[in-house]
Amino acid sequence: MATSQAVLAQALPAASPVASSSGIAQRKPASANLAGLPGTAFKGSVAGLRWDSNGSVQVSKSSLDVGVFKEGRTSSRRAVVRASADSGSESKNILMMGGTRFIGLFLARELVKAGHQVTLFTRGKAPITQQLPGESDEEYAEYSSKVKHLQGDRQDFDGLKEKLKGTNFNIVYDINGREGKEVEPILEALPGLEQYIFCSSAGVYLKSDQLPHFEVDAVDPKSRHKGKLDTETLLQSKGVAWTSIRPVYIYGPLNYNPVEEWFFQRLKEGRPIPVPNSGMQITQLGHVKDLARAFVLVLANEKAYGQIYNISGAKYVTFDGIAKACALAGGFPEPQIVHYNPKDFDFGKKKAFPLRDQHFFTSVEKAEKELGFTPEFGLVEGLKDSYSLDFGRGTFRKAADFSTDDMILEKLGIKTTVAA
């Protein structure tokens, strides 16, 4: 462990001035160099970082600090800045590109509750509204009566401009944009636009040993999210007030990506959970409801014009830690975690694990300081919310596929016992 401490202690430089995304010099907090982090769990404190057997790591505003979840408990909730009817000072006429699943479902409700007029632009293939789990009939009826719909295909650029001609939308929330070329016709059709708010991704950052990722860090031009980078560049060049949000891994009720659901499926069946390599890879999850609130905080906020913000949970967590947190959230026994070397297998096109096999987490300090953003949900608490309102009710997005698990377990000589 002494060697591990030395590696990390040397990797925590003093804060240094850097250029912000708006070109203004600011102080950049120290990053942890995770090159050479051992593949075995250990307890201890290294230059402000601490791990324990649960595998959870937290960073504070002032320094890299500890915060590990404890069995049956979550971290205490800090004061939360909630969006109110005063968000944006006045009611806005908002066009949302997308809005009929996951992020959009929760964001549209936050905006309607804040007193804004919201119109969803979709192809009309999915229901325009759906009642959220835990939402009362009265709440759903009120939301449904206020949200509007504009049907069209954003890939039909001429048709899109025709649909938007003569409208008086002053705010755009682009939740499903993937390429810069998709944005240009919207900007052309709405010359009086006050702000364009874009959902990007933390996946645009260039892989690095210096973590967490800050908004000023290098990006990867070969990223599979290159289109989102191109969109940010386009918005910056058009002279429009814009804001981009870069989430990390998003979780919560109705999640269409198999993040927490992947773990819940295995826990429910009483199966071992195969985790690649050591399981000490550190990552970060953010609750969809916290993300929705962050999106509202940038609305008509001049501090947010021309800015990029990382948004995620306050805690960092290891892969093993996610498995244990999901077990706590769903009321399952301590999970049996099995580690394997992915290089020993040929899974074909199948994905054996839902997260990228690397350290991957960001700093949300900029959003905290400039927007007053504070995640409401601790990790276990947020997973409990997701489980109780979704998977725990018997709903899911994708049927369980244990084929890659079985390949791993067979090679490791581990027998599977199905839960009764």
# chains A, B, ... in the order shown; residues from 1 in each chain; ligands from 1
$ residues_around --residues "Glu110 of chain A" --least-positions-apart "3" --cutoff "8 Å" --atoms "only C-alpha atoms" --output "list in words"
Ala83, Phe106, Leu107, Lys113, Ala114, Ala292, Arg293 and Val296 of chain A
$ write_last_selection --atoms "C-alpha atoms" --output "compact mmCIF listing (two decimals), in the first residue's frame"
# COMPACT_ATOMS: atom_id res chain seq x y z
CA ALA A 83 -35.70 25.35 -9.84
CA PHE A 106 -38.02 14.69 -16.22
CA LEU A 107 -36.68 17.94 -17.68
CA LYS A 113 -43.53 23.36 -13.07
CA ALA A 114 -41.32 26.45 -13.29
CA ALA A 292 -32.85 17.81 -15.08
CA ARG A 293 -32.48 20.39 -12.31
CA VAL A 296 -33.06 24.34 -15.51
$ residues_around --residues "segment 346-348 of chain A" --least-positions-apart "5" --cutoff "10 Å" --atoms "only C-alpha atoms" --output "PyMOL selection string"
chain A and resi 403-404+407-408
$ write_last_selection --atoms "all heavy atoms" --output "mmCIF file, in the first residue's frame"
data_model
loop_
_atom_site.group_PDB
_atom_site.id
_atom_site.type_symbol
_atom_site.label_atom_id
_atom_site.label_comp_id
_atom_site.auth_asym_id
_atom_site.auth_seq_id
_atom_site.Cartn_x
_atom_site.Cartn_y
_atom_site.Cartn_z
ATOM 1 N N SER A 403 -25.506 -14.514 -21.347
ATOM 2 C CA SER A 403 -24.640 -15.367 -22.159
ATOM 3 C C SER A 403 -23.159 -15.085 -21.938
ATOM 4 O O SER A 403 -22.350 -16.023 -21.829
ATOM 5 C CB SER A 403 -24.994 -15.236 -23.639
ATOM 6 O OG SER A 403 -24.859 -13.894 -24.083
ATOM 7 N N THR A 404 -22.781 -13.818 -21.861
ATOM 8 C CA THR A 404 -21.366 -13.515 -21.620
ATOM 9 C C THR A 404 -20.980 -13.857 -20.184
ATOM 10 O O THR A 404 -19.854 -14.281 -19.928
ATOM 11 C CB THR A 404 -21.060 -12.037 -21.917
ATOM 12 O OG1 THR A 404 -21.909 -11.193 -21.123
ATOM 13 C CG2 THR A 404 -21.266 -11.715 -23.393
ATOM 14 N N MET A 407 -20.140 -17.492 -20.088
ATOM 15 C CA MET A 407 -18.814 -17.752 -20.659
ATOM 16 C C MET A 407 -17.728 -17.512 -19.615
ATOM 17 O O MET A 407 -16.796 -18.315 -19.463
ATOM 18 C CB MET A 407 -18.573 -16.847 -21.866
ATOM 19 C CG MET A 407 -19.395 -17.172 -23.089
ATOM 20 S SD MET A 407 -19.189 -15.922 -24.400
ATOM 21 C CE MET A 407 -17.421 -16.074 -24.717
ATOM 22 N N ILE A 408 -17.870 -16.421 -18.900
ATOM 23 C CA ILE A 408 -16.878 -16.053 -17.891
ATOM 24 C C ILE A 408 -16.874 -17.058 -16.741
ATOM 25 O O ILE A 408 -15.827 -17.561 -16.327
ATOM 26 C CB ILE A 408 -17.169 -14.634 -17.363
ATOM 27 C CG1 ILE A 408 -16.976 -13.602 -18.476
ATOM 28 C CG2 ILE A 408 -16.274 -14.303 -16.167
ATOM 29 C CD1 ILE A 408 -17.539 -12.229 -18.151
#
$ select_by_dssp --residues "segment 258-289 of chain A" --states "strand (DSSP E)" --output "ChimeraX atom specification"
/A:273-276,282-287
$ residues_around --residues "segment 378-387 of chain A" --least-positions-apart "2" --cutoff "6 Å" --atoms "only C-alpha atoms" --output "list in words"
Thr74, Ser75, Gly252, Pro253, Ala325, Ala329, Leu389, Asp390, Phe391 and Gly392 of chain A
$ atom_distance --atom1 "atom CA of Ile171 of chain A" --atom2 "atom CA of Tyr143 of chain A"
19.2 Å
$ residues_around --residues "Gly166 of chain A" --least-positions-apart "4" --cutoff "10 Å" --atoms "only C-alpha atoms" --output "list in words"
Lys161, Glu162, Ala189 and Leu190 of chain A
$ closest_residue --among "A:Phe360, A:Phe264, A:Phe295, A:Phe214" --to "Ile322 of chain A" --atoms "only C-alpha atoms"
A:Phe264
$ residues_around --residues "Thr362 of chain A" --least-positions-apart "6" --cutoff "8 Å" --atoms "only C-alpha atoms" --output "MDAnalysis selection string"
chainID A and resid 202 211:214 248 284 310 312
$ write_last_selection --atoms "C-alpha atoms" --output "PDB file, in the first residue's frame"
ATOM      1  CA  ALA A 202     -18.430  13.619 -20.769  1.00  0.00           C
ATOM      2  CA  LEU A 211      -8.388  12.918 -13.170  1.00  0.00           C
ATOM      3  CA  PRO A 212     -11.055  14.114 -12.569  1.00  0.00           C
ATOM      4  CA  HIS A 213     -11.841  15.634 -15.958  1.00  0.00           C
ATOM      5  CA  PHE A 214     -12.432  19.392 -15.919  1.00  0.00           C
ATOM      6  CA  VAL A 248     -21.170  11.194 -17.138  1.00  0.00           C
ATOM      7  CA  GLN A 284     -19.205   8.385 -11.519  1.00  0.00           C
ATOM      8  CA  ASN A 310     -19.891  18.687 -16.173  1.00  0.00           C
ATOM      9  CA  SER A 312     -22.959  14.128 -12.286  1.00  0.00           C
TER      10      SER A 312
END
$ closest_residue --among "A:Ala304, A:Ala400, A:Cys326, A:Leu111" --to "Ala241 of chain A" --atoms "only C-alpha atoms"
A:Ala304
$ closest_residue --among "A:Leu150, A:Ala327, A:Val364, A:Val112" --to "Gly270 of chain A" --atoms "only C-alpha atoms"
A:Ala327
$ residues_around --residues "Met97 of chain A" --least-positions-apart "2" --cutoff "6 Å" --atoms "only C-alpha atoms" --output "PyMOL selection string"
chain A and resi 121+174-175
$ write_last_selection --atoms "C-alpha atoms" --output "PDB file, in the first residue's frame"
ATOM      1  CA  PHE A 121     -40.469  18.344 -31.245  1.00  0.00           C
ATOM      2  CA  ASP A 174     -31.577  20.015 -27.548  1.00  0.00           C
ATOM      3  CA  ILE A 175     -31.705  16.679 -25.736  1.00  0.00           C
TER       4      ILE A 175
END
$ select_by_dssp --residues "segment 309-341 of chain A" --states "alpha helix (DSSP H)" --output "number ranges by chain"
A: 319-330
$ write_last_selection --atoms "N, CA and C atoms" --output "short mmCIF file (atom, residue, chain, number, x, y, z; two decimals), in the first residue's frame"
data_model
loop_
_atom_site.label_atom_id
_atom_site.label_comp_id
_atom_site.auth_asym_id
_atom_site.auth_seq_id
_atom_site.Cartn_x
_atom_site.Cartn_y
_atom_site.Cartn_z
N PHE A 319 -16.14 0.07 -9.65
CA PHE A 319 -17.08 -0.88 -10.25
C PHE A 319 -17.64 -1.82 -9.17
N ASP A 320 -16.75 -2.33 -8.31
CA ASP A 320 -17.23 -3.19 -7.23
C ASP A 320 -18.20 -2.43 -6.33
N GLY A 321 -17.90 -1.14 -6.12
CA GLY A 321 -18.76 -0.32 -5.27
C GLY A 321 -20.15 -0.15 -5.84
N ILE A 322 -20.27 -0.08 -7.17
CA ILE A 322 -21.59 0.02 -7.80
C ILE A 322 -22.40 -1.25 -7.52
N ALA A 323 -21.74 -2.40 -7.66
CA ALA A 323 -22.44 -3.67 -7.40
C ALA A 323 -22.95 -3.71 -5.97
N LYS A 324 -22.13 -3.27 -5.02
CA LYS A 324 -22.53 -3.30 -3.61
C LYS A 324 -23.63 -2.26 -3.34
N ALA A 325 -23.52 -1.10 -3.97
CA ALA A 325 -24.54 -0.06 -3.78
C ALA A 325 -25.88 -0.51 -4.35
N CYS A 326 -25.87 -1.18 -5.49
CA CYS A 326 -27.11 -1.68 -6.08
C CYS A 326 -27.75 -2.74 -5.18
N ALA A 327 -26.91 -3.57 -4.56
CA ALA A 327 -27.43 -4.58 -3.64
C ALA A 327 -28.10 -3.91 -2.44
N LEU A 328 -27.47 -2.89 -1.89
CA LEU A 328 -28.07 -2.15 -0.77
C LEU A 328 -29.38 -1.49 -1.19
N ALA A 329 -29.38 -0.90 -2.37
CA ALA A 329 -30.56 -0.17 -2.84
C ALA A 329 -31.75 -1.09 -3.05
N GLY A 330 -31.49 -2.30 -3.55
CA GLY A 330 -32.59 -3.22 -3.84
C GLY A 330 -32.90 -4.18 -2.71
#
$ closest_residue --among "A:Phe402, A:Tyr305, A:Tyr316, A:Phe373" --to "Gly239 of chain A" --atoms "only C-alpha atoms"
A:Tyr305
$ atom_distance --atom1 "atom CA of His116 of chain A" --atom2 "atom CA of Ile311 of chain A"
22.7 Å
$ atom_distance --atom1 "atom CA of Ile308 of chain A" --atom2 "atom CA of Arg246 of chain A"
7.2 Å
$ residues_around --residues "segment 198-201 of chain A" --least-positions-apart "4" --cutoff "9 Å" --atoms "only C-alpha atoms" --output "PyMOL selection string"
chain A and resi 172-178+205+225+228-229+231-232+242-249+295+310
$ closest_residue --among "A:Gln281, A:Ser363, A:Asn255, A:Gln117" --to "Leu105 of chain A" --atoms "only C-alpha atoms"
A:Asn255
